[in-house]
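Heads up, entry.cif below (mmCIF, C-alpha atoms and all ligand atoms):
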```cif
data_query
#
loop_
_atom_site.label_atom_id
_atom_site.label_comp_id
_atom_site.auth_asym_id
_atom_site.auth_seq_id
_atom_site.Cartn_x
_atom_site.Cartn_y
_atom_site.Cartn_z
CA MET A 363 76.89 17.69 50.38
CA GLY A 364 78.24 17.86 53.86
CA ASP A 365 81.92 17.16 54.07
CA HIS A 366 81.62 14.18 51.79
CA ALA A 367 84.23 14.37 49.05
CA ARG A 368 82.41 14.36 45.76
CA PHE A 369 83.85 13.03 42.55
CA GLN A 370 83.90 14.99 39.38
CA CYS A 371 82.71 12.31 36.95
CA PHE A 372 83.61 14.15 33.81
CA GLY A 373 83.74 17.58 32.20
CA PRO A 374 85.21 20.40 32.54
CA SER A 375 87.51 18.90 29.94
CA PRO A 376 90.13 18.27 28.76
CA PRO A 377 91.88 17.63 32.12
CA ALA A 378 89.05 15.58 33.60
CA CYS A 379 88.70 13.58 30.41
CA SER A 380 92.36 12.92 29.70
CA SER A 381 92.55 10.12 32.26
CA HIS A 382 90.70 7.83 29.84
CA PRO A 383 92.91 8.04 26.71
CA ALA A 384 91.45 4.98 25.01
CA ARG A 385 87.88 6.14 25.30
CA TYR A 386 88.53 9.77 24.56
CA SER A 387 90.62 9.26 21.46
CA GLY A 388 87.67 10.13 19.25
CA VAL A 389 86.76 6.52 18.56
CA SER A 390 84.05 5.44 20.94
CA LEU A 391 84.43 1.89 22.17
CA SER A 392 81.10 1.92 23.96
CA THR A 393 78.74 0.72 21.29
CA ARG A 394 77.07 -2.38 22.76
CA VAL A 395 74.21 -1.07 24.83
CA ALA A 396 72.07 -2.65 27.56
CA ILE A 397 68.88 -0.67 28.16
CA LEU A 398 67.34 -0.87 31.61
CA GLY A 399 63.68 0.00 31.08
CA SER A 400 63.59 -0.53 27.31
CA THR A 401 59.77 -0.35 27.09
CA GLY A 402 59.56 3.09 28.71
CA SER A 403 59.75 6.41 26.91
CA ILE A 404 63.53 6.84 27.25
CA GLY A 405 64.13 3.17 26.47
CA GLN A 406 62.12 3.34 23.26
CA SER A 407 63.86 6.55 22.23
CA THR A 408 67.22 4.90 22.91
CA LEU A 409 66.29 2.06 20.55
CA ASP A 410 65.26 4.63 17.93
CA VAL A 411 68.64 6.34 18.30
CA ILE A 412 70.53 3.03 18.07
CA GLN A 413 68.58 2.16 14.92
CA HIS A 414 69.35 5.59 13.50
CA LEU A 415 73.07 5.39 14.33
CA GLY A 416 73.41 1.89 12.86
CA SER A 417 76.55 -0.22 13.11
CA PRO A 418 78.59 -0.49 15.31
CA TYR A 419 75.85 0.57 17.76
CA ARG A 420 73.78 -2.34 18.94
CA ALA A 421 71.19 -3.05 21.63
CA VAL A 422 72.63 -6.18 23.21
CA GLY A 423 70.41 -6.13 26.30
CA LEU A 424 66.82 -5.13 27.02
CA SER A 425 64.92 -5.06 30.28
CA ALA A 426 61.30 -4.56 31.23
CA HIS A 427 59.11 -4.97 34.27
CA ARG A 428 55.77 -6.26 32.96
CA HIS A 429 55.40 -5.18 29.34
CA THR A 430 55.82 -8.65 27.82
CA GLU A 431 54.33 -7.88 24.39
CA LYS A 432 56.38 -4.75 23.95
CA VAL A 433 59.67 -6.28 25.04
CA LEU A 434 59.08 -9.32 22.80
CA ASP A 435 58.43 -7.03 19.86
CA GLN A 436 61.65 -5.16 20.65
CA ALA A 437 63.55 -8.46 20.97
CA ARG A 438 62.32 -9.56 17.53
CA ARG A 439 63.32 -6.26 15.95
CA PHE A 440 66.67 -5.68 17.63
CA ARG A 441 67.83 -9.26 18.35
CA PRO A 442 69.65 -8.56 21.63
CA THR A 443 71.71 -11.35 23.21
CA ALA A 444 69.80 -11.09 26.49
CA VAL A 445 66.55 -9.81 28.00
CA ALA A 446 65.80 -9.27 31.70
CA MET A 447 62.25 -9.33 33.03
CA SER A 448 61.98 -8.08 36.59
CA ASP A 449 58.50 -9.51 37.19
CA GLU A 450 58.95 -13.28 37.64
CA ARG A 451 55.48 -14.21 36.36
CA CYS A 452 55.92 -12.12 33.24
CA ALA A 453 59.32 -13.74 32.71
CA ASP A 454 57.54 -17.13 32.45
CA GLU A 455 55.36 -15.74 29.66
CA ILE A 456 58.27 -14.80 27.42
CA LYS A 457 60.53 -17.77 28.17
CA SER A 458 59.60 -19.87 25.10
CA PRO A 459 59.49 -17.11 22.48
CA LEU A 460 62.89 -15.83 23.66
CA ALA A 461 64.35 -19.35 23.57
CA GLU A 462 63.17 -19.66 19.95
CA LEU A 463 65.06 -16.45 19.18
CA ASP A 464 68.13 -17.82 21.01
CA ILE A 465 67.99 -14.92 23.48
CA ARG A 466 69.06 -15.45 27.09
CA LEU A 467 66.40 -14.62 29.69
CA TYR A 468 67.24 -13.19 33.14
CA ARG A 469 64.49 -13.12 35.76
CA GLY A 470 63.55 -11.02 38.75
CA GLU A 471 65.22 -7.96 40.28
CA SER A 472 68.58 -9.75 40.29
CA GLY A 473 68.12 -10.40 36.56
CA LEU A 474 68.77 -6.73 35.83
CA VAL A 475 72.04 -6.95 37.74
CA ASP A 476 73.05 -10.09 35.80
CA LEU A 477 72.21 -8.36 32.53
CA VAL A 478 74.44 -5.31 33.10
CA ARG A 479 77.37 -7.48 34.20
CA ARG A 480 77.53 -9.36 30.90
CA ASN A 481 80.83 -9.21 29.03
CA ASP A 482 79.14 -8.13 25.79
CA VAL A 483 77.75 -4.95 27.42
CA ASP A 484 79.86 -1.78 27.05
CA VAL A 485 77.37 0.86 28.11
CA VAL A 486 74.29 0.72 30.29
CA MET A 487 71.39 3.07 29.64
CA SER A 488 69.76 3.40 33.05
CA SER A 489 66.19 4.47 32.34
CA VAL A 490 64.15 2.54 34.88
CA VAL A 491 61.80 4.98 36.63
CA GLY A 492 62.27 5.60 40.34
CA ALA A 493 64.51 4.07 42.96
CA ALA A 494 63.90 0.56 41.51
CA GLY A 495 66.74 1.11 39.04
CA LEU A 496 69.33 1.69 41.72
CA PRO A 497 70.75 -1.85 42.35
CA ALA A 498 71.36 -2.47 38.62
CA THR A 499 72.79 1.03 38.14
CA LEU A 500 75.21 0.43 41.02
CA ALA A 501 76.08 -2.99 39.57
CA ALA A 502 76.87 -1.36 36.21
CA VAL A 503 79.25 1.07 37.90
CA ARG A 504 80.91 -1.71 39.89
CA ALA A 505 81.30 -3.76 36.68
CA GLY A 506 83.12 -0.80 35.09
CA LYS A 507 80.51 -0.15 32.39
CA ARG A 508 80.00 3.28 30.91
CA LEU A 509 76.79 4.61 32.43
CA ALA A 510 74.30 6.70 30.47
CA LEU A 511 72.10 7.97 33.27
CA ALA A 512 68.49 8.84 32.59
CA ASN A 513 67.32 7.71 36.00
CA LYS A 514 67.72 10.85 38.12
CA GLU A 515 66.62 9.06 41.28
CA SER A 516 69.84 7.00 41.23
CA LEU A 517 71.94 10.05 42.05
CA VAL A 518 69.34 11.80 44.22
CA VAL A 519 68.96 8.70 46.37
CA ALA A 520 72.46 7.29 46.19
CA GLY A 521 74.86 9.98 44.96
CA SER A 522 76.89 9.50 48.14
CA LEU A 523 77.37 5.85 47.18
CA LEU A 524 77.43 5.90 43.36
CA ILE A 525 79.90 8.73 42.87
CA PRO A 526 82.68 7.26 45.06
CA GLU A 527 82.10 3.88 43.36
CA ALA A 528 82.36 5.50 39.93
CA ARG A 529 85.64 7.10 40.97
CA LYS A 530 86.94 3.81 42.32
CA HIS A 531 86.13 1.91 39.12
CA GLY A 532 87.09 4.69 36.69
CA VAL A 533 83.56 4.78 35.31
CA GLU A 534 82.18 7.61 33.19
CA ILE A 535 78.68 8.76 34.02
CA LEU A 536 77.08 10.51 31.06
CA PRO A 537 73.92 12.48 31.77
CA VAL A 538 70.80 11.87 29.70
CA ASP A 539 68.50 14.27 31.52
CA SER A 540 68.22 17.16 29.03
CA GLU A 541 69.32 19.83 31.54
CA HIS A 542 72.34 17.85 32.70
CA SER A 543 73.37 16.99 29.16
CA ALA A 544 73.27 20.73 28.41
CA ILE A 545 75.39 21.56 31.46
CA PHE A 546 77.81 18.77 30.57
CA GLN A 547 78.22 20.08 27.03
CA ALA A 548 78.75 23.66 28.21
CA MET A 549 81.16 22.55 30.95
CA ARG A 550 83.48 21.12 28.31
CA CYS A 551 84.38 24.69 27.34
CA GLY A 552 86.22 25.42 30.58
CA HIS A 553 87.75 24.14 33.77
CA ALA A 554 85.97 23.42 37.03
CA SER A 555 87.68 26.36 38.73
CA GLU A 556 86.34 28.68 36.03
CA VAL A 557 82.67 27.89 36.61
CA ARG A 558 80.87 30.70 38.43
CA ARG A 559 77.44 29.15 38.45
CA VAL A 560 75.10 26.82 36.61
CA ILE A 561 71.67 28.00 35.51
CA LEU A 562 69.24 25.08 35.56
CA THR A 563 66.23 25.90 33.42
CA ALA A 564 62.67 24.82 34.24
CA SER A 565 59.42 25.10 32.27
CA GLY A 566 57.53 26.19 35.41
CA GLY A 567 54.75 23.64 34.93
CA PRO A 568 51.00 24.31 34.86
CA PHE A 569 50.95 26.53 37.98
CA ARG A 570 53.59 29.04 36.97
CA ASN A 571 51.07 31.88 36.95
CA THR A 572 48.29 30.46 39.13
CA PRO A 573 47.40 32.71 42.09
CA LEU A 574 48.86 31.26 45.30
CA GLU A 575 45.42 31.07 46.93
CA LYS A 576 44.14 28.87 44.09
CA LEU A 577 47.12 26.51 44.43
CA LYS A 578 45.74 25.31 47.76
CA THR A 579 42.63 23.97 46.04
CA ALA A 580 44.27 22.72 42.84
CA THR A 581 42.80 19.38 41.77
CA VAL A 582 44.52 16.30 40.38
CA ALA A 583 43.13 17.22 36.93
CA ASP A 584 44.57 20.77 37.24
CA ALA A 585 47.98 19.42 38.22
CA LEU A 586 47.99 16.85 35.42
CA ASN A 587 47.18 19.49 32.82
CA HIS A 588 50.75 20.38 31.85
CA PRO A 589 50.80 23.19 29.28
CA THR A 590 53.52 21.75 27.07
CA TRP A 591 54.42 18.16 27.86
CA LYS A 592 52.53 14.90 27.92
CA MET A 593 54.27 12.72 30.48
CA GLY A 594 53.52 10.09 33.12
CA LYS A 595 51.44 11.11 36.15
CA LYS A 596 54.28 11.12 38.68
CA VAL A 597 56.60 13.31 36.62
CA THR A 598 53.71 15.61 35.65
CA ILE A 599 52.84 16.21 39.31
CA ASP A 600 56.57 16.66 40.00
CA SER A 601 56.59 19.29 37.28
CA ALA A 602 53.63 21.09 38.91
CA THR A 603 55.27 21.12 42.38
CA MET A 604 58.73 21.59 40.83
CA PHE A 605 59.97 18.56 42.73
CA ASN A 606 61.24 17.42 39.31
CA LYS A 607 63.55 20.44 39.31
CA ALA A 608 64.40 19.84 42.97
CA LEU A 609 65.56 16.31 42.06
CA GLU A 610 67.52 17.70 39.11
CA LEU A 611 69.26 20.26 41.30
CA ILE A 612 70.46 17.54 43.66
CA GLU A 613 71.45 15.38 40.66
CA ALA A 614 73.50 18.28 39.24
CA CYS A 615 75.38 18.76 42.52
CA TRP A 616 76.55 15.16 42.40
CA LEU A 617 77.26 15.01 38.67
CA PHE A 618 79.27 18.20 38.44
CA ASN A 619 80.78 18.29 41.92
CA LEU A 620 79.10 21.61 42.61
CA PRO A 621 77.97 23.07 45.93
CA PRO A 622 74.22 23.84 45.82
CA HIS A 623 74.74 27.62 46.02
CA LYS A 624 76.44 27.49 42.61
CA ILE A 625 73.26 26.23 40.97
CA GLU A 626 70.44 28.62 40.19
CA VAL A 627 67.04 27.60 38.89
CA MET A 628 65.52 29.78 36.18
CA ILE A 629 62.01 29.52 34.75
CA HIS A 630 62.20 29.27 30.96
CA PRO A 631 58.74 28.32 29.67
CA GLU A 632 59.79 27.55 26.08
CA SER A 633 62.25 24.78 27.12
CA VAL A 634 64.56 25.52 24.20
CA ILE A 635 67.62 26.39 26.30
CA HIS A 636 68.16 23.23 28.29
CA SER A 637 70.51 24.84 30.82
CA MET A 638 73.51 27.17 30.94
CA VAL A 639 76.92 27.53 32.53
CA GLU A 640 78.27 30.93 33.52
CA PHE A 641 82.05 31.19 33.71
CA ILE A 642 84.04 33.58 35.89
CA ASP A 643 84.78 35.91 32.98
CA GLY A 644 81.05 36.56 32.54
CA SER A 645 80.57 34.34 29.49
CA VAL A 646 77.44 32.22 29.60
CA LEU A 647 77.29 29.08 27.47
CA ALA A 648 73.89 27.59 26.71
CA GLN A 649 72.82 24.48 24.83
CA LEU A 650 69.75 24.86 22.63
CA SER A 651 67.73 22.32 20.70
CA PRO A 652 64.06 21.54 20.10
CA PRO A 653 62.76 19.56 23.07
CA ASP A 654 63.38 15.93 22.15
CA MET A 655 65.08 13.42 24.43
CA LYS A 656 66.72 11.71 21.44
CA THR A 657 69.26 14.54 21.30
CA PRO A 658 70.75 14.03 24.80
CA ILE A 659 70.38 10.23 24.47
CA GLN A 660 72.43 10.25 21.28
CA TYR A 661 75.09 12.50 22.77
CA ALA A 662 75.48 10.13 25.72
CA LEU A 663 76.00 7.25 23.29
CA THR A 664 78.38 8.97 20.87
CA PHE A 665 80.37 11.00 23.41
CA PRO A 666 83.01 12.32 22.99
CA GLY A 667 82.06 12.45 19.32
CA ARG A 668 78.87 13.56 17.63
CA ALA A 669 76.87 11.99 14.83
CA HIS A 670 74.11 13.27 12.57
CA GLY A 671 70.99 13.55 14.69
CA CYS A 672 67.55 12.17 14.02
CA SER A 673 65.60 14.89 15.87
CA ARG A 674 63.94 18.01 14.55
CA ARG A 675 66.29 20.97 14.13
CA MET A 676 65.95 24.52 15.36
CA ASP A 677 63.97 26.54 12.84
CA TRP A 678 65.66 29.90 12.77
CA ALA A 679 63.45 31.15 9.95
CA SER A 680 60.33 31.64 12.06
CA ARG A 681 59.82 34.18 14.80
CA PHE A 682 60.24 33.12 18.43
CA SER A 683 61.00 34.46 21.88
CA LEU A 684 62.87 32.96 24.79
CA ASN A 685 61.71 34.13 28.21
CA PHE A 686 63.29 33.82 31.63
CA GLU A 687 62.21 34.64 35.14
CA PRO A 688 63.46 33.61 38.58
CA PRO A 689 61.28 31.08 40.40
CA ASP A 690 59.00 32.14 43.23
CA PHE A 691 60.06 30.08 46.24
CA ALA A 692 56.71 30.62 47.96
CA ARG A 693 54.97 29.05 45.00
CA PHE A 694 57.56 26.28 44.70
CA PRO A 695 58.85 25.45 48.22
CA ALA A 696 60.23 22.16 46.83
CA LEU A 697 63.17 24.17 45.50
CA LYS A 698 64.04 25.44 48.96
CA LEU A 699 64.01 21.86 50.24
CA ALA A 700 66.30 20.81 47.38
CA TYR A 701 69.01 23.25 48.46
CA GLN A 702 68.80 21.99 52.05
CA VAL A 703 68.90 18.34 50.99
CA ALA A 704 71.77 18.89 48.53
CA GLN A 705 73.73 20.56 51.32
CA ALA A 706 72.99 17.74 53.77
CA GLY A 707 74.00 14.88 51.41
CA GLY A 708 74.14 11.30 52.78
CA THR A 709 70.68 9.77 53.20
CA ALA A 710 68.81 13.11 52.83
CA GLY A 711 68.22 12.68 49.08
CA ALA A 712 66.74 9.20 49.58
CA VAL A 713 64.33 10.63 52.15
CA LEU A 714 63.26 13.53 49.94
CA ASN A 715 62.69 11.25 46.97
CA ALA A 716 60.73 8.60 48.86
CA ALA A 717 58.65 11.12 50.83
CA ASN A 718 57.77 12.89 47.59
CA GLU A 719 56.74 9.63 45.90
CA ALA A 720 54.50 8.79 48.88
CA ALA A 721 53.02 12.30 49.00
CA VAL A 722 52.29 12.30 45.25
CA THR A 723 50.54 8.92 45.61
CA SER A 724 48.43 10.39 48.45
CA PHE A 725 47.58 13.43 46.33
CA LEU A 726 46.62 11.32 43.29
CA GLY A 727 44.48 9.17 45.60
CA GLY A 728 42.62 12.24 46.82
CA LYS A 729 43.96 11.91 50.36
CA ILE A 730 45.80 15.25 50.54
CA GLY A 731 45.59 18.60 48.79
CA PHE A 732 48.15 19.88 46.29
CA ASP A 733 49.82 22.26 48.74
CA ALA A 734 50.21 19.44 51.28
CA ILE A 735 52.60 17.49 49.02
CA CYS A 736 55.53 19.72 49.89
CA ARG A 737 54.50 20.06 53.53
CA VAL A 738 54.48 16.29 53.95
CA VAL A 739 57.94 16.02 52.37
CA GLU A 740 59.30 18.87 54.49
CA LEU A 741 57.99 17.38 57.74
CA THR A 742 59.40 13.97 56.82
CA ILE A 743 62.84 15.51 56.20
CA GLN A 744 62.66 17.36 59.53
CA LYS A 745 62.13 14.05 61.33
CA HIS A 746 65.12 12.39 59.64
CA HIS A 747 68.64 12.14 61.04
CA VAL A 748 70.99 12.29 58.06
CA GLN A 749 73.57 9.53 57.82
CA GLN A 750 76.71 10.30 55.82
CA SER A 751 78.44 7.67 53.62
CA PRO A 752 75.52 5.21 53.70
CA SER A 753 75.56 1.70 52.26
CA LEU A 754 72.93 0.52 49.78
CA ASP A 755 71.07 -1.12 52.69
CA ASP A 756 71.18 2.13 54.69
CA LEU A 757 69.71 3.98 51.70
CA MET A 758 66.98 1.41 51.19
CA GLN A 759 66.10 1.64 54.90
CA ALA A 760 65.97 5.44 54.71
CA ASP A 761 63.72 5.09 51.66
CA GLN A 762 61.33 2.71 53.48
CA TRP A 763 61.30 4.87 56.61
CA ALA A 764 60.52 7.99 54.58
CA ARG A 765 57.66 6.29 52.69
CA ALA A 766 56.10 5.09 55.94
CA THR A 767 56.60 8.44 57.67
CA ALA A 768 55.25 10.47 54.76
CA GLY A 769 52.30 8.09 54.43
CA ALA A 770 51.46 8.52 58.11
CA LEU A 771 51.81 12.31 57.81
CA ALA A 772 49.51 12.29 54.80
CA ASP A 773 46.94 10.40 56.88
CA GLU A 774 47.19 13.11 59.52
CA CYS A 775 47.26 15.83 56.92
CA ALA A 776 43.86 17.26 57.79
CA ILE A 777 45.23 18.34 61.17
CA LEU A 778 48.59 19.65 59.97
CA PRO A 779 48.98 23.37 60.60
CA VAL A 780 48.81 25.47 57.45
CA LYS A 781 52.29 26.72 56.72
CA ASN A 782 52.82 30.43 56.99
CA ASP A 783 54.05 31.73 53.66
CA SER A 784 56.20 34.34 55.40
CA THR A 785 59.09 31.92 54.87
CA VAL A 786 59.41 33.16 51.32
CA MET A 787 63.05 33.11 50.24
CA ASN A 788 62.66 34.87 46.92
CA PRO A 789 60.40 37.73 45.98
CA ALA A 790 57.95 37.28 43.14
CA PRO A 791 59.66 37.52 39.76
CA ASP A 792 60.66 41.04 38.86
CA THR A 793 59.41 41.46 35.32
CA LYS A 794 61.28 44.73 34.93
CA GLY A 795 64.63 42.98 34.87
CA LYS A 796 63.43 39.98 32.94
CA PRO A 797 65.80 39.13 30.09
CA VAL A 798 64.09 38.27 26.83
CA ILE A 799 66.00 36.95 23.85
CA GLN A 800 64.22 37.74 20.62
CA GLY A 801 64.56 35.55 17.59
CA ARG A 802 62.47 33.74 15.04
CA GLN A 803 61.12 30.34 15.86
CA ASN A 804 57.97 28.29 16.01
CA LEU A 805 57.69 27.18 19.60
CA PRO A 806 58.46 23.48 19.47
CA SER A 807 56.60 20.87 21.42
CA GLY A 808 57.85 17.53 22.58
CA THR A 809 58.77 15.53 25.61
CA LEU A 810 61.54 16.19 28.02
CA THR A 811 62.42 14.83 31.39
MG MG B 1 65.06 17.20 32.95
#
```

Could you show the structure in this file as structure tokens?
Ligand code: MG
Amino acid sequence: MGDHARFQCFGPSPPACSSHPARYSGVSLSTRVAILGSTGSIGQSTLDVIQHLGSPYRAVGLSAHRHTEKVLDQARRFRPTAVAMSDERCADEIKSPLAELDIRLYRGESGLVDLVRRNDVDVVMSSVVGAAGLPATLAAVRAGKRLALANKESLVVAGSLLIPEARKHGVEILPVDSEHSAIFQAMRCGHASEVRRVILTASGGPFRNTPLEKLKTATVADALNHPTWKMGKKVTIDSATMFNKALELIEACWLFNLPPHKIEVMIHPESVIHSMVEFIDGSVLAQLSPPDMKTPIQYALTFPGRAHGCSRRMDWASRFSLNFEPPDFARFPALKLAYQVAQAGGTAGAVLNAANEAAVTSFLGGKIGFDAICRVVELTIQKHHVQQSPSLDDLMQADQWARATAGALADECAILPVKNDSTVMNPAPDTKGKPVIQGRQNLPSGTLT
């Protein structure tokens, strides 16, 4: 990421971990959890995990945007000390019922920041979708709270700000994204200097085998028809374009202090191996589990220890195969952009993220075709002058500029030149050399991010 000095948040242990003797003694002190985005999928799974773990784990803070009924139901069940509602009008609706429960209410965008700063919060689960979670995530780091990070946009947009702040405040950032949790777990088996490369696995989405010609005319319904996962629209489209993996690649660079060329993306349709780390001696360490976000969520909460899990286990008694193939960069140009953006650092990630959000909105609205999503993002990035070491305001401005620019490009999209696919970086997957691990397993289904 340019010449910006990146911070190694954690892992390869033990050296990186030994600077926090109290927290790494085997007794976790981070048991009082504030959940940003408690009504979303990750938030609800976090509450399930907290309920499963039992005392001393406790949800002391909840936050939601507009889901008043759901957050009230959660408040009644989990009795947090505080709830933040980012939509002011919705906050009015839950004021009385929360007062009856003796629960403090925080309102508006600043309410999330107030929530994470509370003295009774040890760990903040950042699971608000999109860049909206950034101010509260940054506030959590500045308040010295342990950060369980499910919001990948925080690092993609603001890695150049968050990581130095985490270093300054001695804050641990624990990954919740399944791939990054896998890398984190594997990294603990060696030192940073011993890592040869990281293999970031990807399901490949619904267009893994679609002929390139047909991709140009793919409809919204085609793109939303993910073969394995049922997710929100934005992340499903991101899975189809592989912008989800592009964001994860940039996230991994920041989290693990890795240059982009040390991260390789590998298509693994079964999503059982959540990612791998290859060490210099040739050993490759992988983390496997049925696809269920409760597993990485629980690890982030119990780290450095482990507790009995509440998710389904691997079933080694039934037959299964694990397949791998390198991604086709012509099919998924978002990956090529990810390497460029990870290398550039600074404001580049904010621009990629915002331009992609705008382009996906244009695609879902029928304004642009599927293949134009990446072209719009690429052209927006080309127009941007990267600023290193940006402030939060600089990042927010870059975000706004990219949204406006991508929106304008989408409007002009009909006259954009069709990109020549001769810029292919990788050949089509070579099936001859494709490694296949044979075993016995029913292919699991579930939800991952
Ligand atoms: Mg993921």

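With only C-alpha atoms and all ligand atoms as the atoms that count, the set of residues no farther than 9 Å from ligand MG 1 (chain B) is Lys514, Val538, Asp539, Ser540, Glu541, His542, Thr563, Ala564, Asn606, Lys607, Glu610, His636, Leu810 and Thr811 of chain A.
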
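Pairwise distance (atom CA of A:Arg394, atom CA of A:Ser543) equals 20.7 Å.
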
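Proximity of A:Ile561, A:Ala505, A:Ala585, A:Ile659 to A:Ile397, computed with all atoms listed in the file, is greatest for A:Ile659.
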
- Please determine the residues with any atom at most 9 Å from (63.1, 10.1, 25.7) (coordinates as given in the file, with only C-alpha atoms counting) and report them as a ChimeraX atom specification. /A:402-408,512,538-539,654-659,809-811

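Distance check against A:Leu474 using only C-alpha atoms: of A:Thr767, A:Ile545, A:Val490, A:Ser448, the minimum falls on A:Ser448.
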
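Minimum atom-to-atom distance to A:Glu719, evaluated using all atoms listed in the file, belongs to A:Gly769 out of A:Gly399, A:Gly731, A:Gly769, A:Pro497.
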
- Query: In terms of the shortest atom-to-atom distance over only C-alpha atoms, which of A:Leu509, A:Val627, A:Ala669, A:Ala716 is closest to A:Ile535?
  - Reply: A:Leu509

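Going from atom CA of A:Asp733 over to atom CA of A:Leu609, you cover 18.1 Å.
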
- What lies within 10 Å of A:Ser565 using all atoms listed in the file, ignoring chain neighbours under 5 positions off, as a PyMOL selection string? chain A and resi 570+588-591+601-602+604+607+628-634+636+686

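Checking A:Ser489, A:Glu613, A:Lys432, A:Val411 one by one against A:Val519, counting all atoms listed in the file, you find the shortest gap at A:Glu613.
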
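Counting from atom CA of A:Met676, the distance to atom CA of A:Ser400 is 27.9 Å.
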
- Message: Can you pull out the residues contacting A:Ala548? Cut-off 7 Å, using all atoms listed in the file, and skip same-chain residues under 3 positions away; I want them as number ranges by chain.
- Response: A: 544-545, 551, 638-639, 647-649

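Among A:Val560, A:Met549, A:Ala528, A:Leu398, the residue with the shortest atom-to-atom distance to A:Asp476, counting all atoms listed in the file, is A:Leu398.
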
Env of stretch 451-463 of chain A: 10 Å cut, atoms = all atoms listed in the file, seq-sep filter 4 positions within chain, self excluded. Answer as a compact mmCIF listing (two decimals) with C-alpha atoms, in the coordinates of the input.
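What follows is the written file around.txt:
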```txt
# COMPACT_ATOMS: atom_id res chain seq x y z
CA ALA A 426 61.30 -4.56 31.23
CA HIS A 427 59.11 -4.97 34.27
CA ARG A 428 55.77 -6.26 32.96
CA HIS A 429 55.40 -5.18 29.34
CA THR A 430 55.82 -8.65 27.82
CA GLU A 431 54.33 -7.88 24.39
CA VAL A 433 59.67 -6.28 25.04
CA LEU A 434 59.08 -9.32 22.80
CA ALA A 437 63.55 -8.46 20.97
CA ARG A 438 62.32 -9.56 17.53
CA ARG A 441 67.83 -9.26 18.35
CA PRO A 442 69.65 -8.56 21.63
CA THR A 443 71.71 -11.35 23.21
CA ALA A 444 69.80 -11.09 26.49
CA VAL A 445 66.55 -9.81 28.00
CA ALA A 446 65.80 -9.27 31.70
CA MET A 447 62.25 -9.33 33.03
CA LEU A 467 66.40 -14.62 29.69
CA TYR A 468 67.24 -13.19 33.14
CA ARG A 469 64.49 -13.12 35.76
CA GLY A 470 63.55 -11.02 38.75
```

- Got a sec to check which residues sit within 9 Å of (83.6, 27.9, 37.4), counting all atoms listed in the file, and write them as a PyMOL selection string? chain A and resi 549+552-560+624+639-642

Generate the coordinates of N, CA and C atoms for stretch 653-665 of chain A; report them as a PDB file, in the frame of the given file.
```pdb
ATOM      1  N   PRO A 653      62.882  20.525  21.969  1.00  0.00           N
ATOM      2  CA  PRO A 653      62.760  19.560  23.070  1.00  0.00           C
ATOM      3  C   PRO A 653      62.487  18.151  22.579  1.00  0.00           C
ATOM      4  N   ASP A 654      63.505  17.327  22.578  1.00  0.00           N
ATOM      5  CA  ASP A 654      63.380  15.930  22.150  1.00  0.00           C
ATOM      6  C   ASP A 654      64.486  15.154  22.855  1.00  0.00           C
ATOM      7  N   MET A 655      64.089  14.159  23.634  1.00  0.00           N
ATOM      8  CA  MET A 655      65.080  13.420  24.430  1.00  0.00           C
ATOM      9  C   MET A 655      66.078  12.649  23.576  1.00  0.00           C
ATOM     10  N   LYS A 656      65.772  12.457  22.275  1.00  0.00           N
ATOM     11  CA  LYS A 656      66.720  11.710  21.440  1.00  0.00           C
ATOM     12  C   LYS A 656      68.055  12.441  21.310  1.00  0.00           C
ATOM     13  N   THR A 657      68.017  13.774  21.436  1.00  0.00           N
ATOM     14  CA  THR A 657      69.260  14.540  21.300  1.00  0.00           C
ATOM     15  C   THR A 657      70.225  14.232  22.457  1.00  0.00           C
ATOM     16  N   PRO A 658      69.809  14.389  23.723  1.00  0.00           N
ATOM     17  CA  PRO A 658      70.750  14.030  24.800  1.00  0.00           C
ATOM     18  C   PRO A 658      71.055  12.536  24.865  1.00  0.00           C
ATOM     19  N   ILE A 659      70.101  11.685  24.481  1.00  0.00           N
ATOM     20  CA  ILE A 659      70.380  10.230  24.470  1.00  0.00           C
ATOM     21  C   ILE A 659      71.503   9.941  23.484  1.00  0.00           C
ATOM     22  N   GLN A 660      71.407  10.510  22.293  1.00  0.00           N
ATOM     23  CA  GLN A 660      72.430  10.250  21.280  1.00  0.00           C
ATOM     24  C   GLN A 660      73.794  10.775  21.714  1.00  0.00           C
ATOM     25  N   TYR A 661      73.800  11.947  22.340  1.00  0.00           N
ATOM     26  CA  TYR A 661      75.090  12.500  22.770  1.00  0.00           C
ATOM     27  C   TYR A 661      75.752  11.598  23.809  1.00  0.00           C
ATOM     28  N   ALA A 662      74.918  11.039  24.705  1.00  0.00           N
ATOM     29  CA  ALA A 662      75.480  10.130  25.720  1.00  0.00           C
ATOM     30  C   ALA A 662      76.073   8.884  25.069  1.00  0.00           C
ATOM     31  N   LEU A 663      75.496   8.454  23.955  1.00  0.00           N
ATOM     32  CA  LEU A 663      76.000   7.250  23.290  1.00  0.00           C
ATOM     33  C   LEU A 663      77.220   7.535  22.423  1.00  0.00           C
ATOM     34  N   THR A 664      77.269   8.695  21.797  1.00  0.00           N
ATOM     35  CA  THR A 664      78.380   8.970  20.870  1.00  0.00           C
ATOM     36  C   THR A 664      79.528   9.719  21.521  1.00  0.00           C
ATOM     37  N   PHE A 665      79.321  10.226  22.743  1.00  0.00           N
ATOM     38  CA  PHE A 665      80.370  11.000  23.410  1.00  0.00           C
ATOM     39  C   PHE A 665      81.693  10.258  23.392  1.00  0.00           C
TER      40      PHE A 665
END
```
